[in-house]
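A.B. asks: Here's a structure for you.
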There are 4 protein chains.
Amino acid sequence: MIIVVKPGATDAQVKEILAKLDQCDLKAHVSEGAERLIIGVIGDKSRLAPGSLEVLPAVEKIVPIMESYKLVSKAFRPEGTEFEIKGVMLGGKELTMMAGPCAVESEEQVEAVAQVVSACGARFLRGGAYKPRTSPYAFQGLEKEGLKILRKVADRHKLLVISEITSENDIEFAADYLDMIQIGARNAQNFRLLSAVGKSGIPVMLKRGIAETIDEWLGSAEYIMSEGNYKIALCERGIRTFETATRSTLDISAIPVLKSKTHLPVIVDPSHASGKAEYVSPLSLAAIAAGADGLIIEVHPNPKCALSDAAQQLTPEAFVKLVGEIRAISEIIGRKYPE
Amino acid sequence: MIIVVKPGATDAQVKEILAKLDQCDLKAHVSEGAERLIIGVIGDKSRLAPGSLEVLPAVEKIVPIMESYKLVSKAFRPEGTEFEIKGVMLGGKELTMMAGPCAVESEEQVEAVAQVVSACGARFLRGGAYKPRTSPYAFQGLEKEGLKILRKVADRHKLLVISEITSENDIEFAADYLDMIQIGARNAQNFRLLSAVGKSGIPVMLKRGIAETIDEWLGSAEYIMSEGNYKIALCERGIRTFETATRSTLDISAIPVLKSKTHLPVIVDPSHASGKAEYVSPLSLAAIAAGADGLIIEVHPNPKCALSDAAQQLTPEAFVKLVGEIRAISEIIGRKYPE
Amino acid sequence: MIIVVKPGATDAQVKEILAKLDQCDLKAHVSEGAERLIIGVIGDKSRLAPGSLEVLPAVEKIVPIMESYKLVSKAFRPEGTEFEIKGVMLGGKELTMMAGPCAVESEEQVEAVAQVVSACGARFLRGGAYKPRTSPYAFQGLEKEGLKILRKVADRHKLLVISEITSENDIEFAADYLDMIQIGARNAQNFRLLSAVGKSGIPVMLKRGIAETIDEWLGSAEYIMSEGNYKIALCERGIRTFETATRSTLDISAIPVLKSKTHLPVIVDPSHASGKAEYVSPLSLAAIAAGADGLIIEVHPNPKCALSDAAQQLTPEAFVKLVGEIRAISEIIGRKYPE
Amino acid sequence: MIIVVKPGATDAQVKEILAKLDQCDLKAHVSEGAERLIIGVIGDKSRLAPGSLEVLPAVEKIVPIMESYKLVSKAFRPEGTEFEIKGVMLGGKELTMMAGPCAVESEEQVEAVAQVVSACGARFLRGGAYKPRTSPYAFQGLEKEGLKILRKVADRHKLLVISEITSENDIEFAADYLDMIQIGARNAQNFRLLSAVGKSGIPVMLKRGIAETIDEWLGSAEYIMSEGNYKIALCERGIRTFETATRSTLDISAIPVLKSKTHLPVIVDPSHASGKAEYVSPLSLAAIAAGADGLIIEVHPNPKCALSDAAQQLTPEAFVKLVGEIRAISEIIGRKYPE
């Protein structure tokens, strides 16, 4: 941490800063610049209450040097994280495909999708059971019943199940049906939920909050990891910007940025990012080309009759075509798409 | 709802749209423009699954005409909402001041603040007991102990207590200590929590999510109100933008916009919006001048020693001065600041 | 400037950094932190090409300590800038009102507005002659003819004239008709135009670019001031965010932020920020309460018949009422509105 | 255009709307919804002054149906635009590579880059001669001298020259040296410059403004095209968001969105978008995978010694490697990279 001292600060004011640091067992390196006095601070900054330096009259600004997360940082595991769920690896050379309907509507619907996606190399079946909706009057999902359907169909096709959980109170029940918990964008900073899934030990896919910086996102992941749960994948699903041509703006650069900052695998969700089926294929290819470890894509046997987000779900035919292109690109960049 | 039909759509494709509408008991008005065919849709649109029209090949775009919220809309109560908590009115002619420390640290600290703020016309004592922090290693608040301290001190000074709750599991306990529940920005779209506080019947102050549009924010309020809880105040606390000179960007325009869209009272939080004590006074005066019904302000007996967000807490002296200016401005715009 | 060195950097790599600094006559202070090596850099950083340190393999990041502007910074003139145009002062105790139609349409229209605004204490008559429009097919303004009308009417009412210029080629002509040049948001980083108005010596009101940070805005002002033109006012007119309820988001916090960073006077434009007449009054009062030095407001004798931006122009009646409220508030905060 | 009428509007107020439309020779279709009266408007809306309907008391909101651009819209040329500059095609099956240093520094520097990029299939040599810099004290480019160097070196290697122009006054001179004019992000809405390059007839690459929506960007392109200049390419170079890990946020979705809205070719600039050389390769591959027609990439013979933006320029070695990967991906998606 660097403290920049205001021009014209008195000696007494500078001493007040140094006393505060000393009181928290922090070492100070004072160096005089051409226009500003600079104090380098060494030691465990968590002893300082937030803002307790900024409030001193001689402090112009505080410049942090280190990130606030530790376990999720690249330095903690420079070789990258690769983990296994029931024999399926995430984060390795092989790409991971998660696919399924936006919302679970019926066993027939899920079965129809499962056939297609399992034939296309997907290892995870996705499907919304608890749907966080902006209007209380919209379809909220089949809830527990939805999870049961997912499990039943997935088992039939030897798929793993991933689905969103929106409350710590659902974790216990979900544990019986899910192989991976999805934390959605709206709960990306619901720290109580993050801690609870951390304690559960169930693998987690953590979506980025719609206005979360990459550093804040890693801070959310740290909440999970600091509870001892190391099986975490990050999912880029678009951020909110001024542009309205797409539902949100897929931050494609987040992929290489994450690869330089963290060891966790990176999944991309082109369906929610764009909100429009016709953009899902180009964005999927772009994500793989940019280095993503996997994709989560919405597929519906008959999008015209879907109960939610019909506009962004691929038809089985479109999905099959897309998988062919992903397979080809994955080889060029040194990855492998599952048989 | 208006459906804009793509140029070159076939008759069969247009019929497909009309059939879909008919199937959902919606009436259609077709009108031919110079360059586009337009279909006006009349009836209860909740019968349509989201995206189920967009997915039809002839649909260029869908233009919603009505907002998705009902109970919170201005039309529901054109005269505005004024409600009472233990004899204190919110939303009327009299402005509401909520003040207190960022985090509850000790009874002595809260007592010192309570003396000042009650003498200055504040009716609510605020203080964080459950602190949602971006790092799992930061001070997380005194939790239950914090609520007990707030209650004890508030009772001594005949103040009401407002504090943030971050999990539905804390509501029952909180009900014994709080007069108003605060839902923070990070839980603004935690719909499970919103429904739960709706069911609790405890008055709620709902902060705006950091990237929530005003319409989405009203949708969040609708979640609470649709459970039968009509005692809701909205709290503007800044939105996330590209500007980093302040912690977030106070959306001052949200005040008149809300006044035109909803009947709910509007509180402004200049402390979190700016993150810097020196900006709290100008922003507070601006909020009152723009028509806010109240303010929530952080005050600490000794900001230099605060355990959290020291930089944004006012000293008691600065708070007293600010209240004098608010009092004067309130009269000019036809409001009244409490004695 | 602080250089943070990557963990694991070799001695040779650190020496490469030090050699680069030495080569540019910059002094280095190396200090070893618990987790990182830090190099403080002292001297004239303009000798370094941008990015020339970031590109070295051992550099993790560069942290600037000083802003890149000098003349516009508060430190250059801590007492604030007050300047005079033909007997009218800007930036002093007295507030400045600039008012007039969005676009100059005819002498009759401008005359009707000028009567009202001059009676209400406005010192500047505004009106668009060169209108930058997002569509090439929209009304582009009366151009030179418009400036002549403004001048003629303003002289009749002893008002000063302010209007937007969009090309360096118009400055010479404009100099004969304008007392103050307005640089619009779309040209906020048109550095050729900024340099040219700087050289002209004509007083300038510089609007903030729609996505300019406050620091970049001050950098734009520095372009003008570095040419020797010190008569500059800054105009906050809203920034682009995700919120669409208003045309742009008025950054009310920019007022106190600018007051802490620069000595230049601050004008606020609530008409363009909100795009809606009914929000102009609350935002105007908020701006004055927050410490703005003046306002620029659109007034039209008959908004229903305006040729541009009808929705955001006040009627003369609404303007008169607003000025009464501004007058009252200005006294509370120690300012004065002109007779 | 659709007019939504306020609930409770009187007959007289609705008649006022209809009269206004009639007066502008526009036809009205009135239809009564369950909760709102809707008026569809048919005819040439440019007869209406902007905001002239919004200002009427009975108007709740105006919903535009058609975009404001015509010539650049997909409908104008559904087959897409392919154009030729001195034998080089843009927008066809073959991808276009533009490469060169950020700023022209010397003939030796440009020559070193030109050798590499021409050997790698680039058809355009890029290089900044007029550099728009946020600080007036930074290196502003070699200006005319820079253009001469570019031309000389390009001719030697049979390359075309593209470079940025920042003022209409430079077009005449530039015409002697450039094959394509680049309009930079900061001048994206400098409509005087856009009109001038339109009149010049010189092919133009139009960068997106840092906060321009895709529709506004197309409006800027319409300015050029409406002057009769049809040789336009659009260049996505990142937008401004809250994320600061990259200089700006590359809007990868803009590629498929543009492909659906316009017939103009789309170039992507990963160097400026990310601001960091290590992200240029993944973003380049992503752009090609998403359907871009070409790339513009910064290459410097020795980035460590560059005079501007050293951090984002590729070394020749990195560029050669990247081109190999682009070549492989281009075939998968049915494109071709030049020999």
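To be explicit about the labels: the chains of the structure tokens are called A, B, and onward in the order shown, and within each one the residues are counted from 1, while ligands get numbers from 1 in the order they are shown.
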Excluding Arg36 (chain B) and residues on its chain fewer than 5 positions from it, collect all residues at most 9 Å away from it, counting only C-alpha atoms, and give them as a compact mmCIF listing (two decimals) with N, CA and C atoms, in the first residue's frame.

C.D. replies:
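For reference, out_7.txt as written:
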```
# COMPACT_ATOMS: atom_id res chain seq x y z
N VAL B 4 -43.25 -5.45 -34.16
CA VAL B 4 -42.83 -4.92 -35.45
C VAL B 4 -42.46 -6.12 -36.33
N VAL B 5 -43.08 -6.20 -37.49
CA VAL B 5 -42.86 -7.35 -38.37
C VAL B 5 -41.72 -7.04 -39.34
N LYS B 6 -40.89 -8.04 -39.59
CA LYS B 6 -39.76 -7.86 -40.52
C LYS B 6 -40.25 -7.53 -41.92
N PRO B 7 -39.51 -6.70 -42.66
CA PRO B 7 -39.87 -6.47 -44.05
C PRO B 7 -39.69 -7.79 -44.81
N SER B 31 -51.66 -3.08 -38.31
CA SER B 31 -51.73 -1.85 -39.12
C SER B 31 -50.49 -1.76 -39.99
N ILE D 65 -40.01 3.04 -34.36
CA ILE D 65 -40.05 1.71 -34.97
C ILE D 65 -38.88 1.52 -35.93
N MET D 66 -38.57 2.54 -36.65
CA MET D 66 -37.50 2.45 -37.64
C MET D 66 -36.23 3.13 -37.13
```

A.B. asks: Residues of chain D no more than 8 Å from chain C, counting only C-alpha atoms: send them over as a PyMOL selection string.

C.D. replies: chain D and resi 46+49-56+68-69+132-138+166-167+186-187+189-192+210-211+216+219-220+222-223+226+240+303-312

A.B. asks: Find the residues around Ile149 (chain A) up to 9 Å (only C-alpha atoms counted), leave out those fewer than 5 positions away in its own chain, and share them as a count of residues only.

C.D. replies: 6

A.B. asks: Hey, what's within 12 Å of Phe83 (chain D) if we count only C-alpha atoms and toss same-chain stuff fewer than 3 positions away? As a ChimeraX atom specification, please?

C.D. replies: /D:80,86-94,96,203-204,229-233,263-265

A.B. asks: Pick out the residues sitting within 6 Å of region 123-129 of chain B, and hand them over as a PyMOL selection string; count only C-alpha atoms, and ignore anything fewer than 5 positions along from it in its own chain.

C.D. replies: chain B and resi 98-104+141-143+146+159-163

A.B. asks: Please provide the set of residues having any atom within 12 Å of Leu258 (chain D), restricted to only C-alpha atoms, with same-chain residues fewer than 4 positions apart removed, written as a ChimeraX atom specification.

C.D. replies: /A:245-246,279 /D:72-74,80,208,213-215,217-218,233-236,251-254,262-267,290-293

A.B. asks: Would you list, as an MDAnalysis selection string, the residues of region 60-158 of chain A that end up in strand (DSSP E) under DSSP run on this structure's backbone?

C.D. replies: chainID A and resid 60:63 83:85 88:90 96:100 124:126

A.B. asks: Find, counting only C-alpha atoms, the residue in C:Val280, C:Leu250, C:Leu18, C:Val117 that gets nearest to Lys158 (chain C).

C.D. replies: C:Val117

A.B. asks: Please determine, counting only C-alpha atoms, which residue among D:Val299, D:Leu37, D:Val113, D:Ile181 has the shortest atom-to-atom distance to Ile2 (chain D).

C.D. replies: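 Between D:Val299, D:Leu37, D:Val113, D:Ile181, the residue approaching Ile2 (chain D) most closely is D:Leu37.
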
A.B. asks: How far is it from CA of Glu84 (chain C) to CA of Gly294 (chain C), in Å with one decimal?

C.D. replies: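 Separating CA of Glu84 (chain C) from CA of Gly294 (chain C) is a distance of 14.3 Å.
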